[in-house]
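*Asks:* Input: one structure, supplied below.
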Amino acid sequence: MGRTRGAIVVGASSGIGEALARNLAADGYEVGLAARRTERLREIGEELPTRSYVATMDVADAETARERFDALVDAMASVDLVVISAGTADLNPDLEWEPERKTIDVNVRGFAAIATAAISQFEEQEIDGHLVGISSVAAHFGNGAVPAYNASKAFVTTYLEGLRTRARGSETDVTVTTVEPGFVDTELAYGSFWMCSPETAAEGIARAIRKERSHVYVARRWRLVAWAFDIVPNAILRRVLS
């Protein structure tokens with residue numbers, strides 16, 4: 001028998017994370033499910049065709065999240081793949097501090113905490129691992145209604161690029177994949193243009209994992225939108241988005 005493949009999905013209790021956990025299990029991965037909602041994770045785990053593990057984790061508490069991530073790695077037979085799908089977004093045109101703080105704690109501090117923990121595990125165990133981070137097409141522009149969210153996703157995209165560059169000089173062969181979805185039918189969706197289901201998104205991400213892609217848009221046509229945001233002058237974007 002071949003070596004057991006293991007994947008950890010952080011943010012696995014709903015949306016893209018849940019759909020991807022199910023997709024990976026169907027592909028033969030044992031799956032570590034991490035999120036805040038323990039009972040929901042257990043329900044999902046019982047429905048998977050492969051062995052599952054559950055870790056209660058709130059990435060907003062970065063230090064505790066790292067500890068629980070490491071414990072989950074230790075509990076599993078192997079961890080070849082880590083997906084960070086945890087995220088939050090709040091409409092906040094009045095710039096109230098609490099929504100901004102929460103978004104930064106989860107999408108920036110929490111993301112970096114788990115990403116660095118994953119890379120450290122791969123390197124310490126000398127595993128040719130794969131890190132996948134869920135960013136967003138929103139990373140390509142600022143938005144006055146959700147300023148922290150768009151900025152946090154720009155952080156995710158750039159941070160993953162930094163880890164990808166670092167990996168090129170590493171003795172272990174670590175693949176880093178950046179996923180930039182458009183509108184996906186989840187609680188975080190703030191639009192319906194070209195919206196796809198979490199299952200469709202998961203299929204695209206799973207395909208990118210198999211091909212060890214460095215970057216993927218979900219769905220692929222969203223690359224046209226990202227390209228437009230990158231080349232349109234800021235003055236025009238401000239008028240369009242205001």
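Following the order of the structure tokens, first chain is A, next is B, and so on, with residues numbered from 1 inside each chain and ligands from 1 in the order they appear.
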Extract, using only C-alpha atoms, all DNA, RNA and protein residues at most 7 Å from region 196-209 of chain A, discarding same-chain residues fewer than 2 positions from it, and format them as a count of residues only.

*Replies:* 15

*Asks:* In region 25-214 of chain A, what's alpha helix (DSSP H) per DSSP? Answer as an MDAnalysis selection string?

*Replies:* chainID A and resid 25:26 38:47 62:75 97:104 111:124 147:168 198:210

*Asks:* Please report, as a PDB file with all heavy atoms, in the first residue's frame, each residue of region 24-199 of chain A to which DSSP assigns strand (DSSP E) when run on this structure's backbone.

*Replies:*
```
ATOM      1  N   GLU A  30      -6.870  11.613   3.860  1.00  0.00           N
ATOM      2  CA  GLU A  30      -7.378  11.769   5.206  1.00  0.00           C
ATOM      3  C   GLU A  30      -7.373  13.256   5.509  1.00  0.00           C
ATOM      4  O   GLU A  30      -6.438  13.964   5.118  1.00  0.00           O
ATOM      5  CB  GLU A  30      -6.499  11.012   6.208  1.00  0.00           C
ATOM      6  CG  GLU A  30      -6.577   9.506   6.035  1.00  0.00           C
ATOM      7  CD  GLU A  30      -5.870   8.754   7.150  1.00  0.00           C
ATOM      8  OE1 GLU A  30      -5.172   9.408   7.951  1.00  0.00           O
ATOM      9  OE2 GLU A  30      -6.026   7.528   7.218  1.00  0.00           O
ATOM     10  N   VAL A  31      -8.404  13.746   6.190  1.00  0.00           N
ATOM     11  CA  VAL A  31      -8.588  15.192   6.291  1.00  0.00           C
ATOM     12  C   VAL A  31      -8.668  15.646   7.742  1.00  0.00           C
ATOM     13  O   VAL A  31      -9.458  15.112   8.535  1.00  0.00           O
ATOM     14  CB  VAL A  31      -9.858  15.646   5.534  1.00  0.00           C
ATOM     15  CG1 VAL A  31      -9.984  17.168   5.587  1.00  0.00           C
ATOM     16  CG2 VAL A  31      -9.813  15.178   4.082  1.00  0.00           C
ATOM     17  N   GLY A  32      -7.866  16.636   8.075  1.00  0.00           N
ATOM     18  CA  GLY A  32      -7.969  17.330   9.343  1.00  0.00           C
ATOM     19  C   GLY A  32      -8.858  18.547   9.175  1.00  0.00           C
ATOM     20  O   GLY A  32      -8.586  19.407   8.325  1.00  0.00           O
ATOM     21  N   LEU A  33      -9.942  18.608   9.909  1.00  0.00           N
ATOM     22  CA  LEU A  33     -10.932  19.670   9.793  1.00  0.00           C
ATOM     23  C   LEU A  33     -10.743  20.641  10.948  1.00  0.00           C
ATOM     24  O   LEU A  33     -10.829  20.255  12.111  1.00  0.00           O
ATOM     25  CB  LEU A  33     -12.345  19.090   9.838  1.00  0.00           C
ATOM     26  CG  LEU A  33     -12.648  17.977   8.820  1.00  0.00           C
ATOM     27  CD1 LEU A  33     -13.942  17.266   9.192  1.00  0.00           C
ATOM     28  CD2 LEU A  33     -12.730  18.544   7.411  1.00  0.00           C
ATOM     29  N   ALA A  34     -10.513  21.906  10.635  1.00  0.00           N
ATOM     30  CA  ALA A  34     -10.271  22.909  11.676  1.00  0.00           C
ATOM     31  C   ALA A  34     -11.169  24.115  11.460  1.00  0.00           C
ATOM     32  O   ALA A  34     -11.273  24.636  10.352  1.00  0.00           O
ATOM     33  CB  ALA A  34      -8.804  23.344  11.669  1.00  0.00           C
ATOM     34  N   ALA A  35     -11.824  24.543  12.530  1.00  0.00           N
ATOM     35  CA  ALA A  35     -12.667  25.738  12.517  1.00  0.00           C
ATOM     36  C   ALA A  35     -13.189  25.937  13.933  1.00  0.00           C
ATOM     37  O   ALA A  35     -12.848  25.180  14.849  1.00  0.00           O
ATOM     38  CB  ALA A  35     -13.821  25.601  11.522  1.00  0.00           C
ATOM     39  N   SER A  52     -11.094  11.128   9.341  1.00  0.00           N
ATOM     40  CA  SER A  52     -11.065  12.573   9.572  1.00  0.00           C
ATOM     41  C   SER A  52     -10.618  12.858  10.996  1.00  0.00           C
ATOM     42  O   SER A  52     -10.732  12.012  11.887  1.00  0.00           O
ATOM     43  CB  SER A  52     -12.437  13.199   9.323  1.00  0.00           C
ATOM     44  OG  SER A  52     -13.394  12.693  10.240  1.00  0.00           O
ATOM     45  N   TYR A  53     -10.116  14.056  11.185  1.00  0.00           N
ATOM     46  CA  TYR A  53      -9.670  14.549  12.488  1.00  0.00           C
ATOM     47  C   TYR A  53     -10.279  15.929  12.677  1.00  0.00           C
ATOM     48  O   TYR A  53     -10.429  16.681  11.701  1.00  0.00           O
ATOM     49  CB  TYR A  53      -8.146  14.652  12.554  1.00  0.00           C
ATOM     50  CG  TYR A  53      -7.410  13.381  12.215  1.00  0.00           C
ATOM     51  CD1 TYR A  53      -7.288  12.961  10.892  1.00  0.00           C
ATOM     52  CD2 TYR A  53      -6.829  12.609  13.208  1.00  0.00           C
ATOM     53  CE1 TYR A  53      -6.599  11.799  10.577  1.00  0.00           C
ATOM     54  CE2 TYR A  53      -6.130  11.440  12.899  1.00  0.00           C
ATOM     55  CZ  TYR A  53      -6.020  11.049  11.579  1.00  0.00           C
ATOM     56  OH  TYR A  53      -5.344   9.892  11.261  1.00  0.00           O
ATOM     57  N   VAL A  54     -10.585  16.274  13.905  1.00  0.00           N
ATOM     58  CA  VAL A  54     -11.246  17.551  14.177  1.00  0.00           C
ATOM     59  C   VAL A  54     -10.417  18.370  15.164  1.00  0.00           C
ATOM     60  O   VAL A  54      -9.966  17.837  16.188  1.00  0.00           O
ATOM     61  CB  VAL A  54     -12.674  17.331  14.728  1.00  0.00           C
ATOM     62  CG1 VAL A  54     -13.252  18.637  15.278  1.00  0.00           C
ATOM     63  CG2 VAL A  54     -13.577  16.773  13.637  1.00  0.00           C
ATOM     64  N   ALA A  55     -10.224  19.641  14.860  1.00  0.00           N
ATOM     65  CA  ALA A  55      -9.538  20.561  15.775  1.00  0.00           C
ATOM     66  C   ALA A  55     -10.359  21.835  15.882  1.00  0.00           C
ATOM     67  O   ALA A  55     -10.653  22.479  14.864  1.00  0.00           O
ATOM     68  CB  ALA A  55      -8.132  20.886  15.279  1.00  0.00           C
ATOM     69  N   THR A  56     -10.746  22.194  17.089  1.00  0.00           N
ATOM     70  CA  THR A  56     -11.445  23.458  17.306  1.00  0.00           C
ATOM     71  C   THR A  56     -10.421  24.581  17.241  1.00  0.00           C
ATOM     72  O   THR A  56      -9.432  24.572  17.978  1.00  0.00           O
ATOM     73  CB  THR A  56     -12.138  23.471  18.670  1.00  0.00           C
ATOM     74  OG1 THR A  56     -13.007  22.341  18.760  1.00  0.00           O
ATOM     75  CG2 THR A  56     -12.936  24.750  18.855  1.00  0.00           C
ATOM     76  N   LEU A  81      -0.638  18.440   2.681  1.00  0.00           N
ATOM     77  CA  LEU A  81      -1.344  19.588   2.115  1.00  0.00           C
ATOM     78  C   LEU A  81      -2.021  20.373   3.223  1.00  0.00           C
ATOM     79  O   LEU A  81      -2.661  19.785   4.093  1.00  0.00           O
ATOM     80  CB  LEU A  81      -2.391  19.076   1.112  1.00  0.00           C
ATOM     81  CG  LEU A  81      -3.425  20.065   0.572  1.00  0.00           C
ATOM     82  CD1 LEU A  81      -2.754  21.130  -0.288  1.00  0.00           C
ATOM     83  CD2 LEU A  81      -4.492  19.315  -0.234  1.00  0.00           C
ATOM     84  N   VAL A  82      -1.868  21.689   3.196  1.00  0.00           N
ATOM     85  CA  VAL A  82      -2.567  22.562   4.136  1.00  0.00           C
ATOM     86  C   VAL A  82      -3.299  23.628   3.340  1.00  0.00           C
ATOM     87  O   VAL A  82      -2.697  24.312   2.500  1.00  0.00           O
ATOM     88  CB  VAL A  82      -1.603  23.235   5.133  1.00  0.00           C
ATOM     89  CG1 VAL A  82      -2.347  24.231   6.019  1.00  0.00           C
ATOM     90  CG2 VAL A  82      -0.895  22.189   5.994  1.00  0.00           C
ATOM     91  N   VAL A  83      -4.594  23.764   3.590  1.00  0.00           N
ATOM     92  CA  VAL A  83      -5.418  24.771   2.926  1.00  0.00           C
ATOM     93  C   VAL A  83      -5.923  25.749   3.983  1.00  0.00           C
ATOM     94  O   VAL A  83      -6.528  25.336   4.974  1.00  0.00           O
ATOM     95  CB  VAL A  83      -6.623  24.137   2.202  1.00  0.00           C
ATOM     96  CG1 VAL A  83      -7.467  25.220   1.528  1.00  0.00           C
ATOM     97  CG2 VAL A  83      -6.160  23.105   1.193  1.00  0.00           C
ATOM     98  N   ILE A  84      -5.675  27.036   3.769  1.00  0.00           N
ATOM     99  CA  ILE A  84      -6.176  28.065   4.690  1.00  0.00           C
ATOM    100  C   ILE A  84      -7.342  28.770   4.015  1.00  0.00           C
ATOM    101  O   ILE A  84      -7.163  29.601   3.128  1.00  0.00           O
ATOM    102  CB  ILE A  84      -5.078  29.074   5.075  1.00  0.00           C
ATOM    103  CG1 ILE A  84      -3.820  28.347   5.545  1.00  0.00           C
ATOM    104  CG2 ILE A  84      -5.595  30.024   6.162  1.00  0.00           C
ATOM    105  CD1 ILE A  84      -2.653  29.272   5.823  1.00  0.00           C
ATOM    106  N   HIS A 130       2.490  21.085   0.385  1.00  0.00           N
ATOM    107  CA  HIS A 130       1.744  22.001  -0.480  1.00  0.00           C
ATOM    108  C   HIS A 130       0.882  22.899   0.405  1.00  0.00           C
ATOM    109  O   HIS A 130       0.057  22.422   1.177  1.00  0.00           O
ATOM    110  CB  HIS A 130       0.868  21.197  -1.442  1.00  0.00           C
ATOM    111  CG  HIS A 130       0.316  21.985  -2.582  1.00  0.00           C
ATOM    112  ND1 HIS A 130      -0.093  21.401  -3.768  1.00  0.00           N
ATOM    113  CD2 HIS A 130       0.095  23.321  -2.743  1.00  0.00           C
ATOM    114  CE1 HIS A 130      -0.544  22.340  -4.586  1.00  0.00           C
ATOM    115  NE2 HIS A 130      -0.447  23.506  -3.975  1.00  0.00           N
ATOM    116  N   LEU A 131       1.081  24.199   0.307  1.00  0.00           N
ATOM    117  CA  LEU A 131       0.292  25.186   1.035  1.00  0.00           C
ATOM    118  C   LEU A 131      -0.617  25.916   0.056  1.00  0.00           C
ATOM    119  O   LEU A 131      -0.153  26.422  -0.974  1.00  0.00           O
ATOM    120  CB  LEU A 131       1.196  26.200   1.741  1.00  0.00           C
ATOM    121  CG  LEU A 131       0.501  27.394   2.402  1.00  0.00           C
ATOM    122  CD1 LEU A 131      -0.389  26.942   3.554  1.00  0.00           C
ATOM    123  CD2 LEU A 131       1.528  28.411   2.884  1.00  0.00           C
ATOM    124  N   VAL A 132      -1.904  25.971   0.389  1.00  0.00           N
ATOM    125  CA  VAL A 132      -2.891  26.665  -0.444  1.00  0.00           C
ATOM    126  C   VAL A 132      -3.554  27.742   0.396  1.00  0.00           C
ATOM    127  O   VAL A 132      -4.068  27.460   1.488  1.00  0.00           O
ATOM    128  CB  VAL A 132      -3.966  25.684  -0.973  1.00  0.00           C
ATOM    129  CG1 VAL A 132      -5.007  26.434  -1.802  1.00  0.00           C
ATOM    130  CG2 VAL A 132      -3.313  24.584  -1.798  1.00  0.00           C
ATOM    131  N   GLY A 133      -3.553  28.972  -0.093  1.00  0.00           N
ATOM    132  CA  GLY A 133      -4.204  30.064   0.610  1.00  0.00           C
ATOM    133  C   GLY A 133      -5.321  30.657  -0.226  1.00  0.00           C
ATOM    134  O   GLY A 133      -5.141  30.906  -1.422  1.00  0.00           O
ATOM    135  N   ILE A 134      -6.478  30.882   0.406  1.00  0.00           N
ATOM    136  CA  ILE A 134      -7.615  31.468  -0.302  1.00  0.00           C
ATOM    137  C   ILE A 134      -7.565  32.974  -0.145  1.00  0.00           C
ATOM    138  O   ILE A 134      -7.816  33.523   0.928  1.00  0.00           O
ATOM    139  CB  ILE A 134      -8.959  30.928   0.231  1.00  0.00           C
ATOM    140  CG1 ILE A 134      -8.951  29.402   0.277  1.00  0.00           C
ATOM    141  CG2 ILE A 134     -10.109  31.447  -0.637  1.00  0.00           C
ATOM    142  CD1 ILE A 134      -8.761  28.731  -1.065  1.00  0.00           C
ATOM    143  N   THR A 175       5.283  23.507  -2.467  1.00  0.00           N
ATOM    144  CA  THR A 175       4.470  24.213  -3.453  1.00  0.00           C
ATOM    145  C   THR A 175       3.539  25.176  -2.723  1.00  0.00           C
ATOM    146  O   THR A 175       2.949  24.823  -1.704  1.00  0.00           O
ATOM    147  CB  THR A 175       3.639  23.218  -4.283  1.00  0.00           C
ATOM    148  OG1 THR A 175       4.506  22.313  -4.948  1.00  0.00           O
ATOM    149  CG2 THR A 175       2.777  23.948  -5.315  1.00  0.00           C
ATOM    150  N   VAL A 176       3.414  26.397  -3.240  1.00  0.00           N
ATOM    151  CA  VAL A 176       2.522  27.396  -2.655  1.00  0.00           C
ATOM    152  C   VAL A 176       1.546  27.847  -3.735  1.00  0.00           C
ATOM    153  O   VAL A 176       1.962  28.341  -4.788  1.00  0.00           O
ATOM    154  CB  VAL A 176       3.308  28.609  -2.110  1.00  0.00           C
ATOM    155  CG1 VAL A 176       2.344  29.644  -1.530  1.00  0.00           C
ATOM    156  CG2 VAL A 176       4.324  28.162  -1.051  1.00  0.00           C
ATOM    157  N   THR A 177       0.262  27.682  -3.460  1.00  0.00           N
ATOM    158  CA  THR A 177      -0.779  28.043  -4.426  1.00  0.00           C
ATOM    159  C   THR A 177      -1.642  29.161  -3.879  1.00  0.00           C
ATOM    160  O   THR A 177      -2.177  29.059  -2.767  1.00  0.00           O
ATOM    161  CB  THR A 177      -1.671  26.828  -4.746  1.00  0.00           C
ATOM    162  OG1 THR A 177      -0.885  25.787  -5.322  1.00  0.00           O
ATOM    163  CG2 THR A 177      -2.780  27.208  -5.727  1.00  0.00           C
ATOM    164  N   THR A 178      -1.796  30.219  -4.667  1.00  0.00           N
ATOM    165  CA  THR A 178      -2.682  31.327  -4.338  1.00  0.00           C
ATOM    166  C   THR A 178      -3.992  31.154  -5.094  1.00  0.00           C
ATOM    167  O   THR A 178      -3.995  31.014  -6.320  1.00  0.00           O
ATOM    168  CB  THR A 178      -2.056  32.677  -4.731  1.00  0.00           C
ATOM    169  OG1 THR A 178      -0.783  32.804  -4.109  1.00  0.00           O
ATOM    170  CG2 THR A 178      -2.952  33.837  -4.327  1.00  0.00           C
ATOM    171  N   VAL A 179      -5.100  31.148  -4.374  1.00  0.00           N
ATOM    172  CA  VAL A 179      -6.428  31.032  -4.992  1.00  0.00           C
ATOM    173  C   VAL A 179      -7.136  32.371  -4.860  1.00  0.00           C
ATOM    174  O   VAL A 179      -7.278  32.899  -3.753  1.00  0.00           O
ATOM    175  CB  VAL A 179      -7.263  29.934  -4.312  1.00  0.00           C
ATOM    176  CG1 VAL A 179      -8.640  29.823  -4.975  1.00  0.00           C
ATOM    177  CG2 VAL A 179      -6.529  28.600  -4.351  1.00  0.00           C
ATOM    178  N   GLU A 180      -7.579  32.928  -5.969  1.00  0.00           N
ATOM    179  CA  GLU A 180      -8.309  34.199  -5.956  1.00  0.00           C
ATOM    180  C   GLU A 180      -9.707  33.983  -6.543  1.00  0.00           C
ATOM    181  O   GLU A 180      -9.900  34.072  -7.751  1.00  0.00           O
ATOM    182  CB  GLU A 180      -7.543  35.274  -6.727  1.00  0.00           C
ATOM    183  CG  GLU A 180      -6.239  35.654  -6.042  1.00  0.00           C
ATOM    184  CD  GLU A 180      -5.599  36.896  -6.635  1.00  0.00           C
ATOM    185  OE1 GLU A 180      -5.951  37.279  -7.773  1.00  0.00           O
ATOM    186  OE2 GLU A 180      -4.752  37.482  -5.959  1.00  0.00           O
ATOM    187  N   PRO A 181     -10.685  33.702  -5.688  1.00  0.00           N
ATOM    188  CA  PRO A 181     -12.054  33.538  -6.177  1.00  0.00           C
ATOM    189  C   PRO A 181     -12.698  34.897  -6.472  1.00  0.00           C
ATOM    190  O   PRO A 181     -12.323  35.926  -5.896  1.00  0.00           O
ATOM    191  CB  PRO A 181     -12.774  32.849  -5.007  1.00  0.00           C
ATOM    192  CG  PRO A 181     -11.688  32.440  -4.046  1.00  0.00           C
ATOM    193  CD  PRO A 181     -10.570  33.399  -4.266  1.00  0.00           C
TER     194      PRO A 181
END
```

*Asks:* Which residue is closest to Trp97 (chain A)? Choose from A:Ile119, A:Ala112, A:Gly182, A:Ala148 and count only C-alpha atoms.

*Replies:*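 Going through A:Ile119, A:Ala112, A:Gly182, A:Ala148 one by one, the smallest distance to Trp97 (chain A) is for A:Ala148.
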
*Asks:* For each of A:Ala167, A:Ala60, A:Ile114, A:Val174, take the minimum atom-to-atom distance to Val9 (chain A), counting only C-alpha atoms, then give the residue where this is smallest.

*Replies:*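 Of A:Ala167, A:Ala60, A:Ile114, A:Val174, the one nearest Val9 (chain A), counting only C-alpha atoms, is A:Ile114.
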
*Asks:* Identify which of the residues A:Val79, A:Met57, A:Val156, A:Leu163 lies closest to Glu126 (chain A), counting only C-alpha atoms when measuring atom-to-atom distances.

*Replies:*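 Among the listed residues, the smallest separation from Glu126 (chain A) belongs to A:Val79.
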
*Asks:* Using only C-alpha atoms, pick whichever of A:Ser135, A:Ser152, A:Gln121, A:Asn143 has the shortest atom-to-atom distance to Arg101 (chain A).

*Replies:*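 Nearest candidate to Arg101 (chain A) out of A:Ser135, A:Ser152, A:Gln121, A:Asn143: A:Ser152.
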
*Asks:* Compile the contact shell of Arg37 (chain A) as a PyMOL selection string: residues with an atom at most 12 Å away, counting only C-alpha atoms, same-chain residues fewer than 5 positions apart removed.

*Replies:* chain A and resi 10-14+18+42-44+54-58

*Asks:* What does the file look like for those residues with C-alpha atoms, as a PDB file, in the first residue's frame?

*Replies:*
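Dumped everything to again21.pdb:
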```
ATOM      1  CA  VAL A  10      -8.559  25.464   8.121  1.00  0.00           C
ATOM      2  CA  GLY A  11     -12.018  26.961   7.813  1.00  0.00           C
ATOM      3  CA  ALA A  12     -13.637  23.636   6.972  1.00  0.00           C
ATOM      4  CA  SER A  13     -17.026  24.139   8.636  1.00  0.00           C
ATOM      5  CA  SER A  14     -18.725  25.839   5.671  1.00  0.00           C
ATOM      6  CA  GLU A  18     -16.164  22.448   3.573  1.00  0.00           C
ATOM      7  CA  ARG A  42     -17.749  16.357  13.512  1.00  0.00           C
ATOM      8  CA  GLU A  43     -20.864  16.110  11.353  1.00  0.00           C
ATOM      9  CA  ILE A  44     -18.814  16.744   8.227  1.00  0.00           C
ATOM     10  CA  VAL A  54     -11.246  17.551  14.177  1.00  0.00           C
ATOM     11  CA  ALA A  55      -9.538  20.561  15.775  1.00  0.00           C
ATOM     12  CA  THR A  56     -11.445  23.458  17.306  1.00  0.00           C
ATOM     13  CA  MET A  57      -9.650  26.563  16.126  1.00  0.00           C
ATOM     14  CA  ASP A  58     -10.317  30.306  16.064  1.00  0.00           C
TER      15      ASP A  58
END
```

*Asks:* From the list A:Thr50, A:Asn92, A:Asn107, A:Ser85, which residue is nearest Pro147 (chain A) when using only C-alpha atoms?

*Replies:* A:Asn92

*Asks:* So, with only C-alpha atoms as the atoms that count, which of A:Ala62, A:Ala113, A:Ala138, A:Ala77 lies closest to Ala151 (chain A)?

*Replies:*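 Ranked by minimum distance to Ala151 (chain A), first place goes to A:Ala138.
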
*Asks:* For the atom pair CA of Ala25 (chain A) and CA of Gly6 (chain A), what is the interatomic distance in Å to one decimal place?

*Replies:*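 Taking CA of Ala25 (chain A) and CA of Gly6 (chain A), their separation equals 9.2 Å.
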